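For reference, upload_35.pdb (PDB, C-alpha atoms):
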```pdb
ATOM      1  CA  MET A   9       0.000   0.000   0.000
ATOM      2  CA  THR A  10       2.958   2.396   0.449
ATOM      3  CA  ALA A  11       3.960   2.619  -3.232
ATOM      4  CA  PRO A  12       0.527   3.825  -4.549
ATOM      5  CA  ILE A  13       0.318   6.565  -1.852
ATOM      6  CA  SER A  14       3.823   7.821  -2.710
ATOM      7  CA  SER A  15       2.957   7.901  -6.448
ATOM      8  CA  SER A  16      -0.229   9.914  -5.782
ATOM      9  CA  SER A  17       1.645  12.450  -3.615
ATOM     10  CA  SER A  18       4.234  12.909  -6.341
ATOM     11  CA  ALA A  19       1.513  13.538  -8.934
ATOM     12  CA  LEU A  20      -0.118  16.116  -6.652
ATOM     13  CA  ARG A  21       3.158  17.996  -6.170
ATOM     14  CA  TRP A  22       3.838  18.066  -9.906
ATOM     15  CA  GLY A  23       0.276  19.264 -10.695
ATOM     16  CA  ILE A  24       0.468  22.085  -8.138
ATOM     17  CA  ALA A  25       3.905  23.164  -9.391
ATOM     18  CA  LEU A  26       2.657  23.212 -13.004
ATOM     19  CA  ALA A  27      -0.394  25.293 -12.030
ATOM     20  CA  LEU A  28       1.710  27.819 -10.087
ATOM     21  CA  GLY A  29       4.200  28.139 -12.970
ATOM     22  CA  LEU A  30       1.513  28.778 -15.597
ATOM     23  CA  THR A  31      -0.311  31.248 -13.309
ATOM     24  CA  LEU A  32       2.871  33.264 -12.665
ATOM     25  CA  ALA A  33       3.692  33.337 -16.389
ATOM     26  CA  ALA A  34       0.174  34.560 -17.212
ATOM     27  CA  CYS A  35       0.359  37.261 -14.533
ATOM     28  CA  SER A  36       3.707  38.515 -15.841
ATOM     29  CA  LYS A  37       2.181  38.802 -19.351
ATOM     30  CA  ASP A  38      -0.937  40.574 -18.014
ATOM     31  CA  GLU A  39       1.044  43.461 -16.457
ATOM     32  CA  PRO A  40       1.771  45.339 -19.735
ATOM     33  CA  ALA A  41      -1.716  44.558 -21.094
ATOM     34  CA  ALA A  42      -3.151  47.901 -19.949
ATOM     35  CA  PRO A  43      -0.875  50.023 -22.170
ATOM     36  CA  ASP A  44      -1.692  47.737 -25.116
ATOM     37  CA  ALA A  45      -5.407  48.201 -24.490
ATOM     38  CA  GLU A  46      -4.983  51.970 -24.293
ATOM     39  CA  GLN A  47      -2.985  51.925 -27.507
ATOM     40  CA  ALA A  48      -5.687  49.854 -29.253
ATOM     41  CA  ALA A  49      -8.370  52.265 -28.018
ATOM     42  CA  ALA A  50      -6.477  55.298 -29.327
ATOM     43  CA  PRO A  51      -7.387  56.524 -32.834
ATOM     44  CA  ALA A  52      -5.342  55.006 -35.649
ATOM     45  CA  GLN A  53      -2.372  57.099 -36.695
ATOM     46  CA  PRO A  54      -1.130  57.023 -40.301
ATOM     47  CA  ALA A  55       1.767  54.613 -40.609
ATOM     48  CA  GLY A  56       5.126  55.935 -41.739
ATOM     49  CA  PRO A  57       6.527  55.092 -45.156
ATOM     50  CA  THR A  58       7.594  51.497 -45.643
ATOM     51  CA  ALA A  59      11.041  50.483 -46.820
ATOM     52  CA  GLU A  60       9.597  49.778 -50.263
ATOM     53  CA  GLU A  61       8.019  53.242 -50.436
ATOM     54  CA  ILE A  62      11.256  54.917 -49.322
ATOM     55  CA  ALA A  63      13.199  52.997 -51.970
ATOM     56  CA  ALA A  64      10.647  54.016 -54.628
ATOM     57  CA  GLN A  65      10.910  57.672 -53.592
ATOM     58  CA  GLU A  66      14.711  57.581 -53.713
ATOM     59  CA  ALA A  67      14.622  55.955 -57.152
ATOM     60  CA  ALA A  68      12.162  58.596 -58.391
ATOM     61  CA  GLN A  69      14.389  61.398 -57.088
ATOM     62  CA  ALA A  70      17.424  59.891 -58.792
ATOM     63  CA  ALA A  71      15.457  59.579 -62.050
ATOM     64  CA  GLN A  72      14.321  63.219 -61.807
ATOM     65  CA  ALA A  73      17.910  64.351 -61.294
ATOM     66  CA  ALA A  74      18.983  62.386 -64.373
ATOM     67  CA  VAL A  75      16.208  63.972 -66.454
ATOM     68  CA  ALA A  76      17.085  67.448 -65.218
ATOM     69  CA  ALA A  77      20.690  66.964 -66.384
ATOM     70  CA  LEU A  78      19.632  66.522 -70.044
ATOM     71  CA  SER A  79      19.830  69.359 -72.575
ATOM     72  CA  PRO A  80      16.651  70.843 -74.135
ATOM     73  CA  GLU A  81      17.372  69.058 -77.424
ATOM     74  CA  GLU A  82      17.776  65.719 -75.650
ATOM     75  CA  LEU A  83      14.599  66.308 -73.658
ATOM     76  CA  ARG A  84      12.613  67.130 -76.795
ATOM     77  CA  SER A  85      13.952  64.057 -78.600
ATOM     78  CA  ARG A  86      13.332  61.682 -75.705
ATOM     79  CA  GLY A  87       9.858  63.110 -75.138
ATOM     80  CA  SER A  88       8.911  62.433 -78.758
ATOM     81  CA  GLN A  89      10.310  58.905 -78.573
ATOM     82  CA  ALA A  90       8.401  58.218 -75.329
ATOM     83  CA  LEU A  91       5.176  59.352 -77.019
ATOM     84  CA  ARG A  92       5.755  57.003 -79.941
ATOM     85  CA  GLU A  93       6.431  54.100 -77.549
ATOM     86  CA  GLN A  94       3.350  54.902 -75.411
ATOM     87  CA  ARG A  95       5.423  55.721 -72.318
ATOM     88  CA  LEU A  96       3.038  58.577 -71.554
ATOM     89  CA  TYR A  97       3.429  58.927 -67.770
ATOM     90  CA  ALA A  98       5.436  55.853 -66.686
ATOM     91  CA  PRO A  99       7.919  54.473 -65.805
ATOM     92  CA  ALA A 100       9.245  57.102 -63.420
ATOM     93  CA  GLY A 101      12.046  59.131 -64.957
ATOM     94  CA  ASP A 102      11.521  57.762 -68.487
ATOM     95  CA  ASN A 103       8.165  59.044 -69.760
ATOM     96  CA  ALA A 104       6.888  61.800 -72.011
ATOM     97  CA  MET A 105       5.347  63.953 -69.258
ATOM     98  CA  GLU A 106       8.576  64.217 -67.249
ATOM     99  CA  TYR A 107      10.671  64.969 -70.334
ATOM    100  CA  TYR A 108       8.304  67.758 -71.460
ATOM    101  CA  LEU A 109       8.033  69.201 -67.931
ATOM    102  CA  ALA A 110      11.824  69.327 -67.715
ATOM    103  CA  LEU A 111      11.921  70.960 -71.158
ATOM    104  CA  ARG A 112       9.421  73.577 -69.942
ATOM    105  CA  ALA A 113      11.632  74.331 -66.929
ATOM    106  CA  LYS A 114      14.724  74.785 -69.108
ATOM    107  CA  SER A 115      13.120  76.816 -71.905
ATOM    108  CA  ASP A 116      13.197  80.620 -71.862
ATOM    109  CA  LYS A 117       9.848  80.695 -73.643
ATOM    110  CA  PRO A 118       7.063  78.073 -73.900
ATOM    111  CA  ASP A 119       7.730  75.255 -76.349
ATOM    112  CA  ALA A 120       4.568  74.870 -78.422
ATOM    113  CA  SER A 121       4.993  71.160 -79.125
ATOM    114  CA  ALA A 122       5.774  70.358 -75.483
ATOM    115  CA  GLU A 123       2.818  72.386 -74.155
ATOM    116  CA  SER A 124       0.440  70.752 -76.625
ATOM    117  CA  ALA A 125       1.698  67.282 -75.651
ATOM    118  CA  LEU A 126       1.261  68.046 -71.930
ATOM    119  CA  ILE A 127      -2.344  69.107 -72.517
ATOM    120  CA  ASP A 128      -3.008  65.848 -74.386
ATOM    121  CA  LEU A 129      -1.286  63.733 -71.711
ATOM    122  CA  MET A 130      -3.112  65.245 -68.730
ATOM    123  CA  PRO A 131      -6.322  63.076 -68.964
ATOM    124  CA  TYR A 132      -4.261  59.879 -69.164
ATOM    125  CA  ALA A 133      -2.305  60.837 -66.030
ATOM    126  CA  ILE A 134      -5.560  61.603 -64.175
ATOM    127  CA  ILE A 135      -7.053  58.216 -65.088
ATOM    128  CA  ALA A 136      -3.828  56.412 -64.110
ATOM    129  CA  ALA A 137      -3.744  58.223 -60.736
ATOM    130  CA  GLU A 138      -7.331  57.175 -59.975
ATOM    131  CA  GLN A 139      -6.541  53.572 -60.920
ATOM    132  CA  ALA A 140      -3.470  53.592 -58.628
ATOM    133  CA  ILE A 141      -5.653  54.851 -55.761
ATOM    134  CA  GLY A 142      -8.163  52.084 -56.462
ATOM    135  CA  ARG A 143      -5.493  49.388 -56.073
ATOM    136  CA  GLU A 144      -4.026  51.223 -53.021
ATOM    137  CA  ASP A 145      -0.690  51.950 -54.724
ATOM    138  CA  PHE A 146      -0.369  55.353 -53.070
ATOM    139  CA  THR A 147       3.314  55.786 -53.959
ATOM    140  CA  GLU A 148       2.457  55.683 -57.671
ATOM    141  CA  ALA A 149      -0.681  57.771 -57.129
ATOM    142  CA  GLU A 150       1.342  60.506 -55.377
ATOM    143  CA  ARG A 151       3.951  60.505 -58.163
ATOM    144  CA  LEU A 152       1.222  60.994 -60.783
ATOM    145  CA  ARG A 153      -0.466  63.682 -58.657
ATOM    146  CA  ALA A 154       2.831  65.600 -58.604
ATOM    147  CA  LEU A 155       3.086  65.354 -62.410
ATOM    148  CA  ILE A 156      -0.479  66.665 -62.778
ATOM    149  CA  GLU A 157       0.234  69.552 -60.418
ATOM    150  CA  LYS A 158       3.430  70.491 -62.290
ATOM    151  CA  THR A 159       1.543  70.390 -65.587
ATOM    152  CA  ASP A 160      -1.379  72.505 -64.381
ATOM    153  CA  ALA A 161      -1.618  73.559 -60.729
ATOM    154  CA  GLN A 162      -5.236  74.665 -61.349
ATOM    155  CA  ALA A 163      -6.400  71.360 -62.852
ATOM    156  CA  PRO A 164     -10.015  70.670 -61.671
ATOM    157  CA  ALA A 165      -9.216  67.017 -60.905
ATOM    158  CA  LEU A 166      -6.231  67.829 -58.668
ATOM    159  CA  PRO A 167      -8.144  68.463 -55.359
ATOM    160  CA  ARG A 168     -10.180  65.288 -55.874
ATOM    161  CA  ILE A 169      -7.079  63.147 -56.406
ATOM    162  CA  THR A 170      -5.276  64.707 -53.424
ATOM    163  CA  ASP A 171      -8.272  64.058 -51.157
ATOM    164  CA  SER A 172      -8.662  60.459 -52.424
ATOM    165  CA  ILE A 173      -4.999  59.693 -51.686
ATOM    166  CA  ALA A 174      -5.302  61.051 -48.126
ATOM    167  CA  LYS A 175      -8.527  59.127 -47.448
ATOM    168  CA  GLY A 176      -7.123  55.929 -48.936
ATOM    169  CA  GLN A 177      -3.976  56.088 -46.794
ATOM    170  CA  ALA A 178      -6.067  56.766 -43.673
ATOM    171  CA  GLY A 179      -8.293  53.782 -44.481
ATOM    172  CA  VAL A 180      -5.302  51.453 -44.848
ATOM    173  CA  ALA A 181      -3.876  52.678 -41.524
ATOM    174  CA  ASP A 182      -7.258  52.167 -39.820
ATOM    175  CA  ARG A 183      -7.542  48.595 -41.115
ATOM    176  CA  ALA A 184      -4.032  47.850 -39.849
ATOM    177  CA  ALA A 185      -4.920  49.206 -36.393
ATOM    178  CA  GLN A 186      -8.087  47.095 -36.271
ATOM    179  CA  GLU A 187      -6.159  43.962 -37.241
ATOM    180  CA  LEU A 188      -3.594  44.697 -34.497
ATOM    181  CA  ALA A 189      -6.395  45.044 -31.950
ATOM    182  CA  ARG A 190      -7.861  41.693 -33.056
ATOM    183  CA  GLU A 191      -4.462  40.006 -32.699
ATOM    184  CA  GLU A 192      -4.073  41.374 -29.172
ATOM    185  CA  GLN A 193      -7.583  40.161 -28.266
ATOM    186  CA  ARG A 194      -6.751  36.662 -29.525
ATOM    187  CA  ALA A 195      -3.534  36.689 -27.458
ATOM    188  CA  ARG A 196      -5.467  37.627 -24.307
ATOM    189  CA  GLU A 197      -7.997  34.855 -24.954
ATOM    190  CA  ALA A 198      -5.175  32.338 -25.397
ATOM    191  CA  GLU A 199      -3.627  33.399 -22.070
ATOM    192  CA  ALA A 200      -6.992  33.024 -20.317
ATOM    193  CA  ALA A 201      -7.390  29.534 -21.822
ATOM    194  CA  ALA A 202      -3.912  28.584 -20.542
ATOM    195  CA  GLN A 203      -4.848  29.732 -17.032
ATOM    196  CA  ARG A 204      -8.048  27.670 -17.108
ATOM    197  CA  ALA A 205      -6.129  24.620 -18.320
ATOM    198  CA  ALA A 206      -3.605  25.031 -15.479
ATOM    199  CA  ALA A 207      -6.384  25.258 -12.885
ATOM    200  CA  GLU A 208      -8.108  22.188 -14.307
ATOM    201  CA  ALA A 209      -4.813  20.245 -14.263
ATOM    202  CA  ALA A 210      -4.229  21.158 -10.593
ATOM    203  CA  ALA A 211      -7.780  20.138  -9.663
ATOM    204  CA  ALA A 212      -7.406  16.814 -11.481
ATOM    205  CA  ALA A 213      -4.099  16.101  -9.701
ATOM    206  CA  ALA A 214      -5.644  16.893  -6.305
ATOM    207  CA  ALA A 215      -8.620  14.637  -7.022
ATOM    208  CA  ALA A 216      -6.307  11.803  -8.060
ATOM    209  CA  ALA A 217      -4.337  12.129  -4.799
ATOM    210  CA  ALA A 218      -7.499  12.119  -2.653
ATOM    211  CA  ALA A 219      -9.116   9.114  -4.374
ATOM    212  CA  PRO A 220      -8.854   5.753  -2.447
ATOM    213  CA  THR A 221      -6.319   3.358  -3.849
ATOM    214  CA  THR A 222      -7.406  -0.086  -5.082
ATOM    215  CA  PRO A 223      -5.219  -3.190  -5.198
ATOM    216  CA  THR A 224      -3.875  -4.110  -8.584
ATOM    217  CA  PRO A 225      -5.876  -7.075  -9.964
ATOM    218  CA  ALA A 226      -4.036 -10.287 -10.752
ATOM    219  CA  PRO A 227      -3.152 -10.675 -14.394
ATOM    220  CA  THR A 228      -5.635 -12.678 -16.432
ATOM    221  CA  PRO A 229      -4.084 -15.696 -18.164
ATOM    222  CA  ALA A 230      -3.845 -15.293 -21.909
ATOM    223  CA  PRO A 231      -6.394 -17.348 -23.884
ATOM    224  CA  ALA A 232      -5.205 -20.251 -25.986
ATOM    225  CA  PRO A 233      -4.328 -19.243 -29.535
ATOM    226  CA  GLU A 234      -7.002 -19.949 -32.111
ATOM    227  CA  PRO A 235      -6.170 -21.927 -35.257
ATOM    228  CA  VAL A 236      -4.792 -19.740 -38.010
ATOM    229  CA  ALA A 237      -7.140 -19.396 -40.970
ATOM    230  CA  PRO A 238      -5.714 -19.596 -44.499
ATOM    231  CA  PRO A 239      -4.821 -16.196 -45.952
ATOM    232  CA  PRO A 240      -7.634 -14.688 -48.025
ATOM    233  CA  GLN A 241      -7.334 -14.502 -51.757
ATOM    234  CA  PRO A 242      -6.184 -11.113 -53.019
ATOM    235  CA  VAL A 243      -9.009  -8.898 -54.174
ATOM    236  CA  THR A 244      -8.487  -6.814 -57.263
ATOM    237  CA  PRO A 245      -9.278  -3.196 -56.347
ATOM    238  CA  PRO A 246     -11.846  -1.406 -58.492
ATOM    239  CA  PRO A 247     -10.481   1.040 -61.068
ATOM    240  CA  ALA A 248      -9.790   4.504 -59.722
ATOM    241  CA  ALA A 249     -12.538   7.014 -60.331
ATOM    242  CA  THR A 250     -11.830   9.629 -62.932
ATOM    243  CA  PRO A 251     -11.349  12.977 -61.176
ATOM    244  CA  PRO A 252     -14.055  15.531 -62.001
ATOM    245  CA  PRO A 253     -13.110  18.196 -64.528
ATOM    246  CA  VAL A 254     -11.683  21.395 -63.149
ATOM    247  CA  ALA A 255     -14.434  23.995 -62.858
ATOM    248  CA  ARG A 256     -13.902  27.211 -64.714
ATOM    249  CA  ALA A 257     -15.202  30.653 -63.856
ATOM    250  CA  SER A 258     -18.747  31.494 -64.980
ATOM    251  CA  THR A 259     -18.226  35.284 -64.804
ATOM    252  CA  PRO A 260     -15.790  37.027 -67.192
ATOM    253  CA  VAL A 261     -12.505  37.958 -65.490
ATOM    254  CA  GLY A 262     -10.367  40.432 -67.422
ATOM    255  CA  VAL A 263      -6.837  39.475 -68.474
ATOM    256  CA  ARG A 264      -6.025  42.291 -70.908
ATOM    257  CA  THR A 265      -8.428  45.268 -70.753
ATOM    258  CA  PRO A 266      -6.763  48.516 -71.950
ATOM    259  CA  GLN A 267      -8.833  51.662 -71.524
ATOM    260  CA  PRO A 268     -10.107  53.604 -74.578
ATOM    261  CA  ALA A 269      -8.273  56.831 -75.389
ATOM    262  CA  TYR A 270      -9.799  60.261 -74.729
ATOM    263  CA  PRO A 271     -10.176  61.873 -78.223
ATOM    264  CA  ARG A 272      -7.954  64.908 -78.537
ATOM    265  CA  ASP A 273     -10.624  67.007 -80.270
ATOM    266  CA  ALA A 274     -12.998  66.303 -77.354
ATOM    267  CA  ILE A 275     -10.328  67.341 -74.835
ATOM    268  CA  ARG A 276      -9.645  70.583 -76.646
ATOM    269  CA  ALA A 277     -13.373  71.319 -76.958
ATOM    270  CA  GLY A 278     -13.987  70.466 -73.280
ATOM    271  CA  ILE A 279     -16.497  67.732 -74.183
ATOM    272  CA  THR A 280     -17.243  65.133 -71.506
ATOM    273  CA  GLY A 281     -19.400  62.066 -71.779
ATOM    274  CA  GLU A 282     -20.157  58.464 -70.948
ATOM    275  CA  VAL A 283     -20.544  55.272 -73.006
ATOM    276  CA  THR A 284     -22.099  51.994 -71.808
ATOM    277  CA  VAL A 285     -21.484  48.858 -73.889
ATOM    278  CA  GLU A 286     -22.598  45.215 -73.688
ATOM    279  CA  ILE A 287     -19.691  42.814 -74.340
ATOM    280  CA  SER A 288     -20.260  39.257 -75.578
ATOM    281  CA  VAL A 289     -17.450  36.931 -74.433
ATOM    282  CA  ALA A 290     -16.761  33.460 -75.872
ATOM    283  CA  ALA A 291     -15.815  30.468 -73.727
ATOM    284  CA  ASP A 292     -12.141  30.920 -74.627
ATOM    285  CA  GLY A 293     -12.213  34.503 -73.241
ATOM    286  CA  SER A 294     -12.189  36.386 -76.576
ATOM    287  CA  VAL A 295     -14.660  39.171 -77.349
ATOM    288  CA  THR A 296     -17.162  38.201 -80.065
ATOM    289  CA  ASP A 297     -19.357  41.287 -80.127
ATOM    290  CA  VAL A 298     -19.609  44.793 -78.628
ATOM    291  CA  ARG A 299     -22.980  46.602 -78.589
ATOM    292  CA  VAL A 300     -23.424  50.239 -77.540
ATOM    293  CA  VAL A 301     -26.236  50.409 -74.965
ATOM    294  CA  ARG A 302     -26.061  54.123 -74.190
ATOM    295  CA  ALA A 303     -23.875  57.064 -75.274
ATOM    296  CA  GLN A 304     -23.909  60.662 -74.103
ATOM    297  CA  PRO A 305     -23.318  62.625 -76.270
ATOM    298  CA  ARG A 306     -23.963  60.326 -79.234
ATOM    299  CA  GLY A 307     -21.417  60.073 -82.015
ATOM    300  CA  GLN A 308     -18.463  61.348 -79.956
ATOM    301  CA  PHE A 309     -16.868  58.469 -78.057
ATOM    302  CA  GLU A 310     -18.559  55.220 -79.236
ATOM    303  CA  ARG A 311     -16.152  54.352 -82.061
ATOM    304  CA  GLY A 312     -13.043  54.491 -79.868
ATOM    305  CA  VAL A 313     -14.717  52.477 -77.103
ATOM    306  CA  VAL A 314     -15.953  49.708 -79.434
ATOM    307  CA  SER A 315     -12.576  49.494 -81.221
ATOM    308  CA  THR A 316     -10.671  49.182 -77.942
ATOM    309  CA  VAL A 317     -13.038  46.693 -76.254
ATOM    310  CA  ARG A 318     -12.979  44.340 -79.264
ATOM    311  CA  GLY A 319      -9.329  43.664 -78.427
ATOM    312  CA  TRP A 320      -9.998  42.738 -74.787
ATOM    313  CA  GLN A 321      -9.196  39.243 -73.510
ATOM    314  CA  PHE A 322     -10.788  37.416 -70.540
ATOM    315  CA  GLU A 323      -9.971  34.173 -68.712
ATOM    316  CA  PRO A 324     -11.508  30.974 -70.193
ATOM    317  CA  MET A 325     -14.986  30.112 -68.827
ATOM    318  CA  ASP A 326     -17.494  27.253 -68.833
ATOM    319  CA  GLY A 327     -19.414  28.873 -71.665
ATOM    320  CA  PRO A 328     -20.204  32.185 -73.378
ATOM    321  CA  ALA A 329     -21.169  35.130 -71.180
ATOM    322  CA  THR A 330     -22.182  38.775 -71.436
ATOM    323  CA  VAL A 331     -20.819  41.673 -69.352
ATOM    324  CA  THR A 332     -21.647  45.394 -69.309
ATOM    325  CA  ARG A 333     -19.037  48.138 -68.882
ATOM    326  CA  THR A 334     -19.384  51.945 -68.616
ATOM    327  CA  PHE A 335     -16.588  54.310 -69.664
ATOM    328  CA  THR A 336     -16.533  57.900 -68.423
ATOM    329  CA  PHE A 337     -14.649  60.622 -70.291
ATOM    330  CA  ARG A 338     -13.910  63.537 -67.991
ATOM    331  CA  PRO A 339     -10.747  65.690 -67.795
TER
END
```

Is it possible to give me this structure as structure tokens?
Amino acid sequence: MTAPISSSSSALRWGIALALGLTLAACSKDEPAAPDAEQAAAPAQPAGPTAEEIAAQEAAQAAQAAVAALSPEELRSRGSQALREQRLYAPAGDNAMEYYLALRAKSDKPDASAESALIDLMPYAIIAAEQAIGREDFTEAERLRALIEKTDAQAPALPRITDSIAKGQAGVADRAAQELAREEQRAREAEAAAQRAAAEAAAAAAAAAAAPTTPTPAPTPAPAPEPVAPPPQPVTPPPAATPPPVARASTPVGVRTPQPAYPRDAIRAGITGEVTVEISVAADGSVTDVRVVRAQPRGQFERGVVSTVRGWQFEPMDGPATVTRTFTFRP
């Protein structure tokens, strides 16, 4: 009877020691919890620039310095080449807008060709800035905003883009703060669960020590071995089932969807408008038909929209589908 009692006492001591250790560890983690809670309750502050953003800014500054070092003739030549190669506003330091802006800064009098090109390029830069904001690429959006401001500080779209960048950055910072608060809440719940588990382990050890001991029953003799049956005949497994075909998307997902160009005569005349088209997409993702549903004003933008959308490409689908898109032309 002595050995069982000694074993139960040892289990009790180990259970109590484990409970005390886990409780002390949880208490030491709970002490700095108050500052964390206060920090989570405080309003989200905009996060500083990331290493990637800092690197992008430094690269853009280096590219601007390289452009500024070029002569007016080189700037005019490179601007024309960038226009021909459709490098309208990107990449940074090697696009038509930056070359023509640098040419403007170095010219004693306005260069007619450069000023005309900047007027034509402005709507494309505005659209690109809004798209960068939509995908939360605020570094690129800010670079394009600066180009728009240098081109025309009184551009009507400039306040809207500046406000959208600020609101987008604040929204990203707020989401990050909320996620941090959720992580801290999960950590506190895990610590509470560890404390409960420690208390339950201590209670179980105490109950095991207090329970009356029972003598160990005598071992039961092993039964006589039964006669060995002959091994079964091998069974041929059924053929493996053919895996089901991989399901494809039922809604068109764009792969290559360039935006239609803003007609230069409409820009110069200050004409704005909107075109809605219905796009028929084949199962292989190609566009089979484009139908104009609505155009305002009529006869101004439809041809460019239809011509551009016919070259779109979508991901393959289970079958043909139809999708509607609206294009807005606004400087």

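Separating atom CA of Pro260 of chain A from atom CA of Glu310 of chain A is a distance of 22.0 Å.
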
Inset, instruction - Evaluate the PyMOL selection byres ((chain A and resi 180) around 12) here and jot the selected residues down as a PyMOL selection string. - result: chain A and resi 52-56+141-146+173-179+181-187

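Atom CA of Glu60 of chain A to atom CA of Met105 of chain A spans 24.1 Å [interatomic distance, one decimal].
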
Inset, instruction - Show which residues sit within 12 Å of Thr336 of chain A, as number ranges by chain. Count all atoms listed in the file, and ignore same-chain residues fewer than 4 positions away. - result: A: 131, 135, 267-270, 279-285, 302-305, 309-310, 313

Inset, instruction - Considering all atoms listed in the file, return as a PyMOL selection string whatever protein or nucleic-acid residues lie within 8 Å of Thr159 of chain A, sequence-local ones (same chain, fewer than 2 positions apart) excluded. - result: chain A and resi 109+126+130+155-157+161

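By all atoms listed in the file, and with residues fewer than 4 positions from segment 67-79 of chain A along its chain excluded, the set lying at most 8 Å from it is A:Ala63, A:Leu83, A:Ala100, A:Gly101, A:Asp102, A:Glu106, A:Tyr107, A:Ala110.
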
Inset, instruction - Could you tell me how far atom CA of Ser258 of chain A lies from atom CA of Gly327 of chain A, in Å and to one decimal? - result: 7.2 Å

Legend entry - Contact residues around Gln94 of chain A with all atoms listed in the file at 9 Å, ignoring same-chain residues under 4 positions, as a PyMOL selection string: chain A and resi 89-90+103-104

Extract segment 286-300 of chain A from the coordinates I pasted, and write it as a PDB file, in the first residue's frame (atoms kept: N, CA and C atoms).
```
ATOM      1  N   GLU A 286     -22.351  46.613 -74.080  1.00  0.00           N
ATOM      2  CA  GLU A 286     -22.598  45.215 -73.688  1.00  0.00           C
ATOM      3  C   GLU A 286     -21.604  44.353 -74.465  1.00  0.00           C
ATOM      4  N   ILE A 287     -20.787  43.574 -73.739  1.00  0.00           N
ATOM      5  CA  ILE A 287     -19.691  42.814 -74.340  1.00  0.00           C
ATOM      6  C   ILE A 287     -20.060  41.332 -74.316  1.00  0.00           C
ATOM      7  N   SER A 288     -20.029  40.696 -75.478  1.00  0.00           N
ATOM      8  CA  SER A 288     -20.260  39.257 -75.578  1.00  0.00           C
ATOM      9  C   SER A 288     -18.903  38.544 -75.576  1.00  0.00           C
ATOM     10  N   VAL A 289     -18.730  37.612 -74.631  1.00  0.00           N
ATOM     11  CA  VAL A 289     -17.450  36.931 -74.433  1.00  0.00           C
ATOM     12  C   VAL A 289     -17.620  35.448 -74.724  1.00  0.00           C
ATOM     13  N   ALA A 290     -16.727  34.890 -75.566  1.00  0.00           N
ATOM     14  CA  ALA A 290     -16.761  33.460 -75.872  1.00  0.00           C
ATOM     15  C   ALA A 290     -16.161  32.658 -74.721  1.00  0.00           C
ATOM     16  N   ALA A 291     -16.322  31.328 -74.797  1.00  0.00           N
ATOM     17  CA  ALA A 291     -15.815  30.468 -73.727  1.00  0.00           C
ATOM     18  C   ALA A 291     -14.303  30.549 -73.600  1.00  0.00           C
ATOM     19  N   ASP A 292     -13.603  30.832 -74.710  1.00  0.00           N
ATOM     20  CA  ASP A 292     -12.141  30.920 -74.627  1.00  0.00           C
ATOM     21  C   ASP A 292     -11.664  32.276 -74.131  1.00  0.00           C
ATOM     22  N   GLY A 293     -12.578  33.204 -73.792  1.00  0.00           N
ATOM     23  CA  GLY A 293     -12.213  34.503 -73.241  1.00  0.00           C
ATOM     24  C   GLY A 293     -12.095  35.617 -74.259  1.00  0.00           C
ATOM     25  N   SER A 294     -12.286  35.340 -75.553  1.00  0.00           N
ATOM     26  CA  SER A 294     -12.189  36.386 -76.576  1.00  0.00           C
ATOM     27  C   SER A 294     -13.526  37.114 -76.704  1.00  0.00           C
ATOM     28  N   VAL A 295     -13.468  38.357 -77.170  1.00  0.00           N
ATOM     29  CA  VAL A 295     -14.660  39.171 -77.349  1.00  0.00           C
ATOM     30  C   VAL A 295     -15.229  38.902 -78.742  1.00  0.00           C
ATOM     31  N   THR A 296     -16.521  38.514 -78.781  1.00  0.00           N
ATOM     32  CA  THR A 296     -17.162  38.201 -80.065  1.00  0.00           C
ATOM     33  C   THR A 296     -18.034  39.335 -80.585  1.00  0.00           C
ATOM     34  N   ASP A 297     -18.496  40.204 -79.667  1.00  0.00           N
ATOM     35  CA  ASP A 297     -19.357  41.287 -80.127  1.00  0.00           C
ATOM     36  C   ASP A 297     -19.375  42.385 -79.074  1.00  0.00           C
ATOM     37  N   VAL A 298     -19.504  43.644 -79.523  1.00  0.00           N
ATOM     38  CA  VAL A 298     -19.609  44.793 -78.628  1.00  0.00           C
ATOM     39  C   VAL A 298     -20.798  45.628 -79.110  1.00  0.00           C
ATOM     40  N   ARG A 299     -21.776  45.851 -78.224  1.00  0.00           N
ATOM     41  CA  ARG A 299     -22.980  46.602 -78.589  1.00  0.00           C
ATOM     42  C   ARG A 299     -23.107  47.830 -77.695  1.00  0.00           C
ATOM     43  N   VAL A 300     -23.270  48.996 -78.295  1.00  0.00           N
ATOM     44  CA  VAL A 300     -23.424  50.239 -77.540  1.00  0.00           C
ATOM     45  C   VAL A 300     -24.840  50.285 -76.967  1.00  0.00           C
TER      46      VAL A 300
END
```
